[in-house]
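Reproduced below: my_file_29.csv, with CSV, C-alpha atoms and all ligand atoms.
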chain,number,residue,atom,x,y,z
A,1,MET,CA,-16.8,-1.3,-11.8
A,2,LYS,CA,-17.5,0.3,-15.1
A,3,LEU,CA,-14.6,2.8,-15.8
A,4,ASP,CA,-16.7,5.2,-17.8
A,5,ARG,CA,-19.8,5.2,-15.6
A,6,PRO,CA,-20.3,8.1,-13.3
A,7,THR,CA,-20.3,7.1,-9.6
A,8,ALA,CA,-21.4,8.7,-6.4
A,9,MET,CA,-18.1,7.6,-4.8
A,10,LEU,CA,-16.3,10.0,-7.1
A,11,GLY,CA,-18.9,12.8,-6.8
A,12,GLY,CA,-20.6,11.9,-10.1
A,13,LEU,CA,-17.3,11.5,-12.1
A,14,SER,CA,-16.5,8.2,-13.7
A,15,PRO,CA,-13.2,6.5,-12.7
A,16,ASN,CA,-11.8,7.5,-16.1
A,17,ALA,CA,-12.8,11.2,-15.6
A,18,PHE,CA,-11.4,11.2,-12.0
A,19,MET,CA,-8.1,9.7,-13.1
A,20,GLN,CA,-7.8,12.2,-16.0
A,21,GLY,CA,-8.8,15.3,-14.1
A,22,HIS,CA,-7.8,14.8,-10.5
A,23,TRP,CA,-5.4,11.9,-9.8
A,24,GLN,CA,-2.0,13.4,-8.9
A,25,ARG,CA,-3.3,16.8,-9.9
A,26,LYS,CA,-6.2,18.4,-8.2
A,27,HIS,CA,-8.1,17.8,-4.9
A,28,LEU,CA,-11.8,16.8,-5.0
A,29,LEU,CA,-14.4,17.2,-2.3
A,30,ILE,CA,-17.1,14.5,-2.6
A,31,ARG,CA,-20.2,15.0,-0.6
A,32,GLN,CA,-21.8,11.6,0.3
A,33,ALA,CA,-19.3,9.5,-1.6
A,34,PHE,CA,-20.7,6.7,0.5
A,35,PRO,CA,-24.4,7.5,1.4
A,36,ASN,CA,-25.5,6.2,4.8
A,37,PHE,CA,-22.0,5.2,5.5
A,38,VAL,CA,-21.4,2.9,8.4
A,39,ALA,CA,-17.8,2.7,9.6
A,40,PRO,CA,-16.3,-0.8,9.2
A,41,LEU,CA,-14.9,-0.6,12.7
A,42,LYS,CA,-16.4,0.9,15.9
A,43,ILE,CA,-14.3,3.4,17.8
A,44,ALA,CA,-13.8,0.8,20.6
A,45,GLN,CA,-12.4,-1.6,18.0
A,46,VAL,CA,-9.9,1.0,16.9
A,47,ARG,CA,-8.8,1.6,20.5
A,48,LYS,CA,-8.4,-2.1,20.9
A,49,LEU,CA,-6.1,-2.3,17.8
A,50,ALA,CA,-3.9,0.4,19.3
A,51,ARG,CA,-3.2,-1.9,22.3
A,52,ARG,CA,-1.7,-4.6,20.1
A,53,ASP,CA,2.0,-4.7,19.5
A,54,ASP,CA,1.6,-6.0,16.0
A,55,VAL,CA,-0.3,-2.9,15.0
A,56,GLU,CA,1.4,0.4,14.3
A,57,SER,CA,-0.2,3.3,16.2
A,58,ARG,CA,0.6,6.8,17.2
A,59,LEU,CA,-1.0,9.3,19.7
A,60,ILE,CA,-0.7,13.0,18.9
A,61,TRP,CA,-1.7,15.9,21.1
A,62,ARG,CA,-0.6,19.4,22.1
A,63,GLU,CA,0.8,20.4,25.4
A,64,ASP,CA,2.0,23.9,26.5
A,65,ASP,CA,1.6,24.9,22.9
A,66,ALA,CA,4.0,22.2,21.6
A,67,TRP,CA,3.2,19.1,19.5
A,68,GLN,CA,3.6,15.8,21.3
A,69,MET,CA,3.7,12.3,19.7
A,70,GLU,CA,4.0,8.9,21.3
A,71,SER,CA,4.1,5.5,19.5
A,72,GLY,CA,1.9,2.5,20.5
A,73,PRO,CA,1.1,0.0,21.7
A,74,PHE,CA,-0.9,1.9,24.3
A,75,ALA,CA,-2.1,0.4,27.6
A,76,ARG,CA,-4.1,3.6,28.3
A,77,LEU,CA,-5.7,6.1,25.9
A,78,PRO,CA,-7.4,9.5,26.4
A,79,ARG,CA,-11.1,9.2,27.2
A,80,ALA,CA,-13.6,10.1,24.4
A,81,LYS,CA,-14.6,13.3,26.2
A,82,GLU,CA,-11.1,14.6,26.6
A,83,THR,CA,-10.2,17.2,24.0
A,84,GLY,CA,-7.3,17.8,21.6
A,85,TRP,CA,-6.0,14.3,21.0
A,86,THR,CA,-5.8,12.1,17.9
A,87,LEU,CA,-5.0,8.4,17.7
A,88,LEU,CA,-3.7,7.1,14.4
A,89,VAL,CA,-3.8,3.4,13.6
A,90,GLN,CA,-2.0,2.2,10.5
A,91,GLY,CA,-2.6,-0.7,8.1
A,92,VAL,CA,-6.1,-1.4,9.4
A,93,ASP,CA,-6.9,-3.3,6.2
A,94,LEU,CA,-4.4,-6.0,7.3
A,95,HIS,CA,-6.4,-6.6,10.4
A,96,ASP,CA,-10.0,-6.3,9.4
A,97,ASP,CA,-11.9,-7.8,6.5
A,98,ALA,CA,-14.5,-5.1,6.3
A,99,MET,CA,-11.8,-2.5,6.0
A,100,ALA,CA,-10.0,-4.5,3.3
A,101,THR,CA,-13.4,-4.8,1.4
A,102,LEU,CA,-13.8,-1.0,1.6
A,103,LEU,CA,-10.3,-0.6,0.1
A,104,HIS,CA,-11.2,-2.8,-2.8
A,105,GLN,CA,-13.7,-0.1,-4.0
A,106,PHE,CA,-10.6,1.9,-5.0
A,107,ARG,CA,-9.3,-0.8,-7.3
A,108,PHE,CA,-9.8,1.4,-10.4
A,109,ILE,CA,-6.4,2.5,-9.3
A,110,PRO,CA,-3.7,-0.1,-9.8
A,111,ASP,CA,-3.0,-2.3,-6.8
A,112,ALA,CA,0.7,-1.6,-7.4
A,113,ARG,CA,0.0,1.9,-6.0
A,114,LEU,CA,-2.0,1.0,-3.0
A,115,ASP,CA,-0.4,1.5,0.4
A,116,ASP,CA,-2.8,1.0,3.2
A,117,ALA,CA,-5.8,2.3,5.1
A,118,MET,CA,-5.2,4.3,8.3
A,119,ILE,CA,-7.9,5.1,10.8
A,120,SER,CA,-7.8,8.1,13.0
A,121,ILE,CA,-10.0,8.7,16.0
A,122,ALA,CA,-10.0,12.0,17.9
A,123,GLY,CA,-11.5,14.0,20.7
A,124,ASP,CA,-13.0,17.4,20.1
A,125,GLY,CA,-10.3,19.8,18.6
A,126,GLY,CA,-7.9,16.9,17.9
A,127,GLY,CA,-5.8,16.8,14.8
A,128,VAL,CA,-2.3,16.0,13.6
A,129,GLY,CA,-1.5,19.6,12.6
A,130,PRO,CA,-1.0,21.3,9.3
A,131,HIS,CA,1.2,19.1,7.1
A,132,PHE,CA,1.5,17.6,3.6
A,133,ASP,CA,1.8,14.0,2.5
A,134,SER,CA,3.9,12.6,-0.3
A,135,TYR,CA,1.2,10.2,-1.3
A,136,ASP,CA,-2.3,10.5,-2.8
A,137,VAL,CA,-4.9,10.1,-0.2
A,138,PHE,CA,-8.7,9.7,0.1
A,139,LEU,CA,-9.8,11.1,3.5
A,140,LEU,CA,-13.2,9.4,4.2
A,141,GLN,CA,-15.2,10.7,7.2
A,142,ALA,CA,-16.4,7.6,8.9
A,143,ALA,CA,-18.0,9.1,12.0
A,144,GLY,CA,-18.5,12.5,13.7
A,145,ARG,CA,-17.3,15.7,12.0
A,146,ARG,CA,-13.9,17.0,10.9
A,147,ARG,CA,-13.1,20.5,9.6
A,148,TRP,CA,-10.5,20.3,6.8
A,149,ARG,CA,-8.5,23.4,5.6
A,150,ILE,CA,-6.3,22.9,2.6
A,151,GLY,CA,-3.9,25.0,0.5
A,152,SER,CA,-1.7,24.6,-2.5
A,153,GLN,CA,1.3,26.5,-1.1
A,154,LYS,CA,4.7,26.0,-2.6
A,155,ASN,CA,6.5,26.6,0.8
A,156,LEU,CA,6.6,23.2,2.4
A,157,ASP,CA,9.1,24.0,5.1
A,158,LEU,CA,8.6,22.0,8.3
A,159,ASP,CA,8.9,23.1,11.9
A,160,PRO,CA,12.3,21.7,12.9
A,161,ASP,CA,11.3,21.3,16.6
A,162,ALA,CA,8.1,19.3,16.2
A,163,PRO,CA,8.2,15.5,16.7
A,164,LEU,CA,6.0,15.1,13.6
A,165,LYS,CA,5.7,16.8,10.2
A,166,ILE,CA,4.2,20.2,10.8
A,167,LEU,CA,4.3,23.0,8.2
A,168,SER,CA,6.0,26.2,9.5
A,169,ASN,CA,3.8,28.5,7.6
A,170,PHE,CA,0.4,27.0,6.7
A,171,GLN,CA,-1.7,29.1,4.3
A,172,PRO,CA,-5.2,27.5,3.9
A,173,GLU,CA,-7.2,28.5,0.9
A,174,GLU,CA,-10.3,26.4,1.3
A,175,GLU,CA,-12.2,25.0,4.2
A,176,PHE,CA,-14.9,22.2,4.4
A,177,VAL,CA,-16.6,20.3,7.2
A,178,LEU,CA,-16.9,16.6,6.4
A,179,GLU,CA,-19.8,14.5,7.7
A,180,PRO,CA,-20.0,10.7,7.7
A,181,GLY,CA,-19.8,9.4,4.1
A,182,ASP,CA,-18.1,12.6,2.8
A,183,MET,CA,-14.6,12.2,1.3
A,184,LEU,CA,-11.8,14.5,0.3
A,185,TYR,CA,-9.2,13.4,-2.3
A,186,LEU,CA,-5.8,15.2,-2.0
A,187,PRO,CA,-2.9,14.8,-4.4
A,188,PRO,CA,0.6,14.6,-3.1
A,189,HIS,CA,2.1,17.7,-1.5
A,190,MET,CA,-1.2,19.5,-0.9
A,191,ALA,CA,-1.0,21.3,2.5
A,192,HIS,CA,-3.9,20.2,4.8
A,193,ASP,CA,-5.1,20.3,8.4
A,194,GLY,CA,-8.1,18.4,9.8
A,195,ILE,CA,-9.6,19.2,13.1
A,196,ALA,CA,-12.2,17.1,14.9
A,197,GLU,CA,-15.5,19.0,15.7
A,198,GLY,CA,-17.1,17.3,18.6
A,199,ASP,CA,-16.4,13.9,20.1
A,200,ASP,CA,-16.2,10.5,18.3
A,201,CYS,CA,-14.6,11.7,15.2
A,202,MET,CA,-13.3,8.9,12.9
A,203,THR,CA,-11.5,9.4,9.6
A,204,ILE,CA,-10.3,6.7,7.3
A,205,SER,CA,-7.2,7.6,5.1
A,206,ILE,CA,-6.8,5.4,2.1
A,207,GLY,CA,-3.2,6.1,1.0
A,208,PHE,CA,-1.5,5.3,-2.3
A,209,ARG,CA,2.3,5.0,-2.3
A,210,SER,CA,4.7,6.0,-5.0
A,211,PRO,CA,8.1,4.4,-4.9
A,212,SER,CA,10.9,7.0,-5.2
A,213,LEU,CA,13.0,6.8,-8.4
A,214,ALA,CA,16.0,6.1,-6.2
A,215,GLU,CA,14.1,3.1,-4.7
A,216,LEU,CA,13.4,1.9,-8.2
A,217,ALA,CA,17.0,2.3,-9.4
A,218,ARG,CA,18.4,0.5,-6.3
A,219,GLY,CA,15.8,-2.3,-6.7
A,220,MET,CA,16.8,-2.8,-10.4
A,221,LEU,CA,20.5,-3.0,-9.5
A,222,GLU,CA,19.8,-5.4,-6.6
A,223,THR,CA,17.7,-7.7,-8.8
A,224,ALA,CA,20.4,-7.5,-11.5
A,225,ALA,CA,22.9,-8.6,-8.9
A,226,ASP,CA,20.7,-11.4,-7.6
A,227,THR,CA,20.1,-12.8,-11.1
A,228,LEU,CA,23.6,-12.1,-12.5
A,229,MET,CA,24.8,-15.7,-12.6
A,230,GLU,CA,21.6,-17.0,-14.2
A,231,SER,CA,22.1,-15.0,-17.4
A,232,PRO,CA,23.4,-16.9,-20.4
A,233,ARG,CA,25.8,-13.9,-20.9
A,234,SER,CA,27.3,-14.6,-17.5
A,235,GLN,CA,29.6,-17.4,-18.6
A,236,ARG,CA,32.5,-15.1,-18.9
A,237,LEU,CA,32.0,-14.0,-15.3
A,238,GLN,CA,32.9,-17.5,-14.1
A,239,THR,CA,36.5,-16.8,-15.1
A,240,LEU,CA,39.1,-14.7,-13.2
A,241,TYR,CA,40.6,-11.4,-14.2
A,242,ARG,CA,43.9,-11.9,-16.0
A,243,ASP,CA,46.7,-9.4,-16.6
A,244,PRO,CA,49.4,-11.0,-18.7
A,245,GLY,CA,51.5,-8.1,-20.0
A,246,GLN,CA,51.1,-6.0,-16.8
A,247,PRO,CA,54.3,-3.9,-16.7
A,248,ALA,CA,56.3,-3.5,-13.6
A,249,VAL,CA,55.2,-0.4,-11.7
A,250,ALA,CA,56.9,2.3,-9.8
A,251,ALA,CA,53.6,3.4,-8.1
A,252,ALA,CA,52.4,0.2,-6.5
A,253,ALA,CA,49.4,1.9,-4.9
A,254,ALA,CA,47.8,2.9,-8.2
A,255,ILE,CA,44.8,0.7,-9.3
A,256,PRO,CA,45.7,-0.7,-12.8
A,257,GLU,CA,43.7,0.9,-15.6
A,258,GLY,CA,43.1,-2.6,-17.1
A,259,LEU,CA,41.4,-3.7,-13.9
A,260,ILE,CA,39.0,-0.7,-14.1
A,261,ASP,CA,38.3,-1.5,-17.8
A,262,GLU,CA,37.5,-5.1,-16.9
A,263,ALA,CA,35.2,-4.1,-14.1
A,264,LEU,CA,33.2,-2.0,-16.5
A,265,LYS,CA,33.1,-4.7,-19.1
A,266,THR,CA,31.5,-7.2,-16.7
A,267,LEU,CA,28.3,-5.1,-16.8
A,268,GLN,CA,27.8,-6.3,-20.4
A,269,ALA,CA,26.4,-9.5,-18.8
A,270,VAL,CA,23.5,-7.5,-17.4
A,271,ARG,CA,20.5,-6.7,-19.6
A,272,PHE,CA,18.4,-3.9,-18.1
A,273,ASP,CA,15.2,-4.9,-19.9
A,274,ARG,CA,11.4,-5.1,-19.2
A,275,ALA,CA,11.8,-8.7,-17.9
A,276,LEU,CA,14.3,-7.5,-15.2
A,277,ALA,CA,12.0,-4.5,-14.3
A,278,GLY,CA,9.0,-6.9,-14.1
A,279,ARG,CA,10.9,-9.3,-11.9
A,280,PHE,CA,12.0,-6.6,-9.5
A,281,LEU,CA,8.7,-4.8,-9.3
A,282,GLY,CA,6.6,-8.0,-9.1
A,283,ALA,CA,8.6,-9.3,-6.1
A,284,TYR,CA,9.0,-5.8,-4.5
A,285,LEU,CA,5.4,-4.7,-4.7
A,286,THR,CA,3.9,-7.9,-3.5
A,287,GLU,CA,6.3,-8.2,-0.5
A,288,PRO,CA,4.0,-8.4,2.6
A,289,LYS,CA,4.1,-5.5,4.9
A,290,PRO,CA,6.6,-5.9,7.9
A,291,GLY,CA,5.0,-7.9,10.6
A,292,VAL,CA,2.4,-9.6,8.5
A,293,VAL,CA,1.7,-13.2,9.6
A,294,PHE,CA,-0.8,-15.3,7.7
A,295,ASP,CA,-3.2,-17.5,9.7
A,296,VAL,CA,-2.4,-21.1,8.8
A,297,PRO,CA,-5.8,-22.9,8.6
A,298,ASP,CA,-6.7,-26.2,10.1
A,299,GLU,CA,-5.8,-28.8,7.4
A,300,ALA,CA,-9.0,-30.8,8.2
A,301,GLU,CA,-11.1,-27.9,7.0
A,302,LEU,CA,-9.4,-27.4,3.7
A,303,PRO,CA,-10.6,-29.0,0.4
A,304,ASP,CA,-8.2,-31.2,-1.5
A,305,LEU,CA,-8.1,-29.4,-4.8
A,306,ALA,CA,-6.1,-31.8,-6.8
A,307,ASP,CA,-8.4,-34.8,-6.1
A,308,ASP,CA,-11.6,-33.0,-5.5
A,309,TRP,CA,-12.0,-29.6,-7.1
A,310,PRO,CA,-15.0,-28.0,-5.4
A,311,LEU,CA,-18.1,-27.4,-7.6
A,312,THR,CA,-19.5,-24.6,-5.5
A,313,GLY,CA,-18.1,-21.6,-3.6
A,314,CYS,CA,-15.0,-19.7,-4.5
A,315,LEU,CA,-11.3,-19.2,-3.6
A,316,GLU,CA,-10.5,-15.8,-2.3
A,317,LEU,CA,-7.2,-14.0,-1.6
A,318,ASP,CA,-6.7,-13.4,2.1
A,319,ARG,CA,-6.9,-9.7,2.9
A,320,ARG,CA,-3.1,-9.6,3.5
A,321,THR,CA,-2.2,-11.2,0.2
A,322,ARG,CA,-0.7,-9.1,-2.5
A,323,MET,CA,-0.8,-10.6,-6.0
A,324,LEU,CA,0.4,-8.8,-9.2
A,325,TYR,CA,1.3,-9.8,-12.7
A,326,THR,CA,3.1,-8.5,-15.7
A,327,GLY,CA,2.9,-10.2,-19.1
A,328,LYS,CA,2.9,-14.0,-18.3
A,329,ARG,CA,4.7,-13.6,-14.9
A,330,LEU,CA,2.7,-13.7,-11.7
A,331,PHE,CA,3.9,-12.7,-8.2
A,332,ILE,CA,2.4,-13.4,-4.9
A,333,ASN,CA,3.5,-12.2,-1.5
A,334,GLY,CA,7.0,-11.4,-2.7
A,335,GLU,CA,7.6,-14.6,-4.7
A,336,PRO,CA,7.6,-15.2,-8.4
A,337,VAL,CA,5.3,-18.0,-9.5
A,338,ASP,CA,6.9,-20.7,-11.7
A,339,GLU,CA,3.7,-21.4,-13.7
A,340,PRO,CA,2.9,-18.9,-16.5
A,341,LEU,CA,-0.1,-16.7,-15.9
A,342,SER,CA,-3.3,-18.5,-17.0
A,343,ARG,CA,-6.9,-17.3,-17.3
A,344,VAL,CA,-7.7,-18.9,-13.9
A,345,LEU,CA,-4.7,-17.3,-12.1
A,346,ARG,CA,-5.3,-14.0,-13.8
A,347,THR,CA,-9.0,-14.0,-12.6
A,348,LEU,CA,-7.8,-14.7,-9.1
A,349,ALA,CA,-5.4,-11.7,-9.3
A,350,ASP,CA,-7.7,-9.2,-10.8
A,351,GLN,CA,-10.9,-10.1,-9.0
A,352,ARG,CA,-9.2,-11.4,-5.8
A,353,ARG,CA,-11.7,-14.3,-6.0
A,354,LEU,CA,-12.1,-17.3,-8.2
A,355,PRO,CA,-15.6,-18.9,-8.5
A,356,CYS,CA,-14.9,-22.6,-8.4
A,357,ALA,CA,-17.7,-23.5,-10.9
A,358,GLY,CA,-16.3,-23.5,-14.4
A,359,SER,CA,-12.7,-22.7,-13.4
A,360,LYS,CA,-11.2,-26.1,-12.9
A,361,PRO,CA,-7.5,-25.5,-12.9
A,362,THR,CA,-4.8,-27.6,-14.6
A,363,GLY,CA,-2.7,-30.0,-12.5
A,364,PRO,CA,0.2,-27.7,-11.6
A,365,GLU,CA,-2.2,-24.8,-11.1
A,366,SER,CA,-4.3,-26.8,-8.6
A,367,GLU,CA,-1.0,-27.7,-6.8
A,368,LEU,CA,-0.2,-24.0,-6.5
A,369,LEU,CA,-3.6,-23.1,-5.3
A,370,GLN,CA,-3.4,-25.9,-2.7
A,371,ASP,CA,0.0,-24.6,-1.5
A,372,TRP,CA,-1.5,-21.1,-1.1
A,373,LEU,CA,-4.6,-22.5,0.7
A,374,ASP,CA,-2.3,-24.4,3.1
A,375,ALA,CA,-0.2,-21.2,3.7
A,376,GLY,CA,-3.3,-19.1,4.4
A,377,TRP,CA,-2.7,-16.9,1.4
A,378,ILE,CA,-6.0,-17.8,-0.1
A,379,ARG,CA,-9.2,-19.2,1.5
A,380,TYR,CA,-12.0,-21.4,0.3
A,381,CYS,CA,-15.4,-20.0,0.9
A,382,GLY,CA,-18.1,-22.6,0.5
A,383,GLU,CA,-21.6,-21.5,-0.5
B,401,LIG,C1,-6.1,12.3,10.3
B,401,LIG,O1,-6.9,11.4,10.0
B,401,LIG,O2,-6.3,13.0,11.4
B,401,LIG,C2,-4.9,12.7,9.5
B,401,LIG,C3,-4.9,12.2,8.2
B,401,LIG,C4,-4.1,13.1,7.3
B,401,LIG,O3,-4.1,14.3,7.4
B,401,LIG,O4,-3.4,12.6,6.4
B,402,CO,CO,-2.2,14.1,5.8

So, in terms of structure tokens, how does the structure I just supplied come out?
Amino acid sequence: MKLDRPTAMLGGLSPNAFMQGHWQRKHLLIRQAFPNFVAPLKIAQVRKLARRDDVESRLIWREDDAWQMESGPFARLPRAKETGWTLLVQGVDLHDDAMATLLHQFRFIPDARLDDAMISIAGDGGGVGPHFDSYDVFLLQAAGRRRWRIGSQKNLDLDPDAPLKILSNFQPEEEFVLEPGDMLYLPPHMAHDGIAEGDDCMTISIGFRSPSLAELARGMLETAADTLMESPRSQRLQTLYRDPGQPAVAAAAAIPEGLIDEALKTLQAVRFDRALAGRFLGAYLTEPKPGVVFDVPDEAELPDLADDWPLTGCLELDRRTRMLYTGKRLFINGEPVDEPLSRVLRTLADQRRLPCAGSKPTGPESELLQDWLDAGWIRYCGE
């Protein structure tokens, strides 16, 4: 994707222009972002996902003027012709290759910010109520029609009695009906409410997460703790606290000041630098989502990379695999990689695929790739 080339997907803006003018700032309605759009999943397939216990799903409806919510898996779901219900299925990109491929069209935004793709299906009049999200979201109409009302209100108070996030006082300012292929981008904290018009409404929400600053601080401290004894400055930490010269005390319960000073001094062994931040973020951001299980392939079907690097085809990251790098350090599925980042590994991370022709890896690299193939983290696609 050319970052300065206007694209229909962003309403004629280039990725550069979208990021400058809209990302985290301003909503954008994009008519026919995906012309002739065909939903990656059929409604029946979404319903089927909601029956599985390894898939997160929720059913939302209104009863006697009150919001109701139930979590899946669901043995029974409302029929298409019933009105006023919505089924939300989370993390569909983890379960379906076509959905993962659709998500990859948004890779002009760093993978580090990507959360997941959720699909909602709804009967006529169904919706999840007026609310706001803390994340950036692209709402892509996949089938049927949905009327969106949005507002930039500051009052984000929530109804304390509702079982889900519902704004107490929604004040819409704009309204649009989205048809298949239309998309609405909303920055965090924009109030919105989408209501299905007619049956068979399907909306795909492509969500981007932001870690909270507290999450970042806690992660840095935990990583510092995990790596404390590896630091060359940690030698002093191998010794015990000593207090020769401690005077006799009348107040035995008071913690000695010298012990407090020494506790503070131990922190000098920790260096909060970019390497530590990279180590924390690399592992944290590539950690597979809870419940992710990779399909371990049949060994007989795998190429032997060390002895026999394939001349055709390519290696591809499995849709569930997360791979990020910073500087020369590479991370995959929550683990730091010992080999420094090479051209070959960088191509695999950035493109999520590595054409085999012309990319013969070095010995240790091919061992790594073989391990990842064996674990189902990457796959070989022959051509
Ligand atoms: C929906 O798809 O019905 C809800 C998505 C959202 O409002 O974030
Ligand atoms: Co929302």

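With a cut-off of 7 Å and using all atoms listed in the file, the polymer residues contacting ligand LIG 401 (chain B) are A:Thr86, A:Leu88, A:Ile119, A:Ser120, A:Gly127, A:Val128, A:Asp133, A:Leu139, A:His192, A:Asp193, A:Gly194, A:Thr203, A:Ile204, A:Ser205.
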
Residues near Ile195 in chain A, cut-off 12 Å, only C-alpha atoms, skip fewer than 2 positions along chain, as a compact mmCIF listing (two decimals) with C-alpha atoms, in the frame of the given file:
# COMPACT_ATOMS: atom_id res chain seq x y z
CA TRP A 61 -1.70 15.90 21.10
CA THR A 83 -10.20 17.20 24.00
CA GLY A 84 -7.30 17.80 21.60
CA TRP A 85 -6.00 14.30 21.00
CA THR A 86 -5.80 12.10 17.90
CA SER A 120 -7.80 8.10 13.00
CA ILE A 121 -10.00 8.70 16.00
CA ALA A 122 -10.00 12.00 17.90
CA GLY A 123 -11.50 14.00 20.70
CA ASP A 124 -13.00 17.40 20.10
CA GLY A 125 -10.30 19.80 18.60
CA GLY A 126 -7.90 16.90 17.90
CA GLY A 127 -5.80 16.80 14.80
CA VAL A 128 -2.30 16.00 13.60
CA GLY A 129 -1.50 19.60 12.60
CA PRO A 130 -1.00 21.30 9.30
CA GLN A 141 -15.20 10.70 7.20
CA GLY A 144 -18.50 12.50 13.70
CA ARG A 145 -17.30 15.70 12.00
CA ARG A 146 -13.90 17.00 10.90
CA ARG A 147 -13.10 20.50 9.60
CA TRP A 148 -10.50 20.30 6.80
CA ARG A 149 -8.50 23.40 5.60
CA ILE A 150 -6.30 22.90 2.60
CA GLU A 175 -12.20 25.00 4.20
CA PHE A 176 -14.90 22.20 4.40
CA VAL A 177 -16.60 20.30 7.20
CA LEU A 178 -16.90 16.60 6.40
CA HIS A 192 -3.90 20.20 4.80
CA ASP A 193 -5.10 20.30 8.40
CA GLU A 197 -15.50 19.00 15.70
CA GLY A 198 -17.10 17.30 18.60
CA ASP A 199 -16.40 13.90 20.10
CA CYS A 201 -14.60 11.70 15.20
CA MET A 202 -13.30 8.90 12.90
CA THR A 203 -11.50 9.40 9.60

Fill in: Residue nearest Pro35 in chain A among A:Gly245, A:Pro160, A:Pro180, A:Pro336 (counting all atoms listed in the file)
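Ranking A:Gly245, A:Pro160, A:Pro180, A:Pro336 by distance to Pro35 in chain A, first place goes to A:Pro180.
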
Worksheet item: Separation of CA of Arg329 in chain A and CA of Ala269 in chain A, in Å?
Response: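 That distance, rounded to one decimal, is 22.4 Å.
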
Item to complete: Just give me the gap between CA of Asp53 in chain A and CA of Gly72 in chain A in Å, one decimal is fine.
Response: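 CA of Gly72 in chain A lies 7.3 Å from CA of Asp53 in chain A.
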
Report as JSON lines the residues of range 174-254 of chain A within 9 Å of range 273-284 of chain A, each with its shortest atom pair and distance in Å (one decimal), using all atoms listed in the file, ordered by chain and increasing residue number.
{"residue": "A:Leu216", "atom": "CA", "partner": "A:Leu281", "partner_atom": "CA", "distance": 8.3}
{"residue": "A:Gly219", "atom": "CA", "partner": "A:Phe280", "partner_atom": "CA", "distance": 6.4}
{"residue": "A:Met220", "atom": "CA", "partner": "A:Phe280", "partner_atom": "CA", "distance": 6.2}
{"residue": "A:Glu222", "atom": "CA", "partner": "A:Phe280", "partner_atom": "CA", "distance": 8.4}
{"residue": "A:Thr223", "atom": "CA", "partner": "A:Phe280", "partner_atom": "CA", "distance": 5.8}
{"residue": "A:Ala224", "atom": "CA", "partner": "A:Leu276", "partner_atom": "CA", "distance": 7.1}
{"residue": "A:Thr227", "atom": "CA", "partner": "A:Leu276", "partner_atom": "CA", "distance": 8.9}

Write the residues of the selection above to a file with C-alpha atoms, as a compact mmCIF listing (two decimals), in the frame of the given file.
# COMPACT_ATOMS: atom_id res chain seq x y z
CA LEU A 216 13.40 1.90 -8.20
CA GLY A 219 15.80 -2.30 -6.70
CA MET A 220 16.80 -2.80 -10.40
CA GLU A 222 19.80 -5.40 -6.60
CA THR A 223 17.70 -7.70 -8.80
CA ALA A 224 20.40 -7.50 -11.50
CA THR A 227 20.10 -12.80 -11.10

Do you know which residues lie at most 12 Å from (33.0, -15.2, -16.8), with coordinates as in the file and all atoms listed in the file counted, and could you write them as a PDB file with C-alpha atoms, in the frame of the given file?
ATOM      1  CA  LEU A 228      23.600 -12.100 -12.500  1.00  0.00           C
ATOM      2  CA  MET A 229      24.800 -15.700 -12.600  1.00  0.00           C
ATOM      3  CA  GLU A 230      21.600 -17.000 -14.200  1.00  0.00           C
ATOM      4  CA  SER A 231      22.100 -15.000 -17.400  1.00  0.00           C
ATOM      5  CA  PRO A 232      23.400 -16.900 -20.400  1.00  0.00           C
ATOM      6  CA  ARG A 233      25.800 -13.900 -20.900  1.00  0.00           C
ATOM      7  CA  SER A 234      27.300 -14.600 -17.500  1.00  0.00           C
ATOM      8  CA  GLN A 235      29.600 -17.400 -18.600  1.00  0.00           C
ATOM      9  CA  ARG A 236      32.500 -15.100 -18.900  1.00  0.00           C
ATOM     10  CA  LEU A 237      32.000 -14.000 -15.300  1.00  0.00           C
ATOM     11  CA  GLN A 238      32.900 -17.500 -14.100  1.00  0.00           C
ATOM     12  CA  THR A 239      36.500 -16.800 -15.100  1.00  0.00           C
ATOM     13  CA  LEU A 240      39.100 -14.700 -13.200  1.00  0.00           C
ATOM     14  CA  TYR A 241      40.600 -11.400 -14.200  1.00  0.00           C
ATOM     15  CA  ARG A 242      43.900 -11.900 -16.000  1.00  0.00           C
ATOM     16  CA  GLU A 262      37.500  -5.100 -16.900  1.00  0.00           C
ATOM     17  CA  ALA A 263      35.200  -4.100 -14.100  1.00  0.00           C
ATOM     18  CA  LYS A 265      33.100  -4.700 -19.100  1.00  0.00           C
ATOM     19  CA  THR A 266      31.500  -7.200 -16.700  1.00  0.00           C
ATOM     20  CA  LEU A 267      28.300  -5.100 -16.800  1.00  0.00           C
ATOM     21  CA  GLN A 268      27.800  -6.300 -20.400  1.00  0.00           C
ATOM     22  CA  ALA A 269      26.400  -9.500 -18.800  1.00  0.00           C
TER      23      ALA A 269
END

Item to complete: Identify, on the basis of all atoms listed in the file, every residue whose closest approach to Ser359 in chain A does not exceed 12 Å; exclude the query and any residue fewer than 4 positions from it along the same chain; express the result as a count of residues only.
Response: 20

Worksheet item: From the list A:Met69, A:Ile166, A:Leu103, A:Val292, which residue is nearest ligand CO 402 (chain B) when using all atoms listed in the file?
Response: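 The answer is A:Ile166, which sits nearest to ligand CO 402 (chain B).
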
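Taking CA of Val293 in chain A and CA of Arg322 in chain A as endpoints, the distance between them is 13.0 Å.
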
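Residues in contact with Leu3 in chain A at up to 10 Å, not including ones fewer than 5 positions away on its chain and judged by only C-alpha atoms, are Leu13, Ser14, Pro15, Asn16, Ala17, Phe18, Met19 and Phe108 of chain A.
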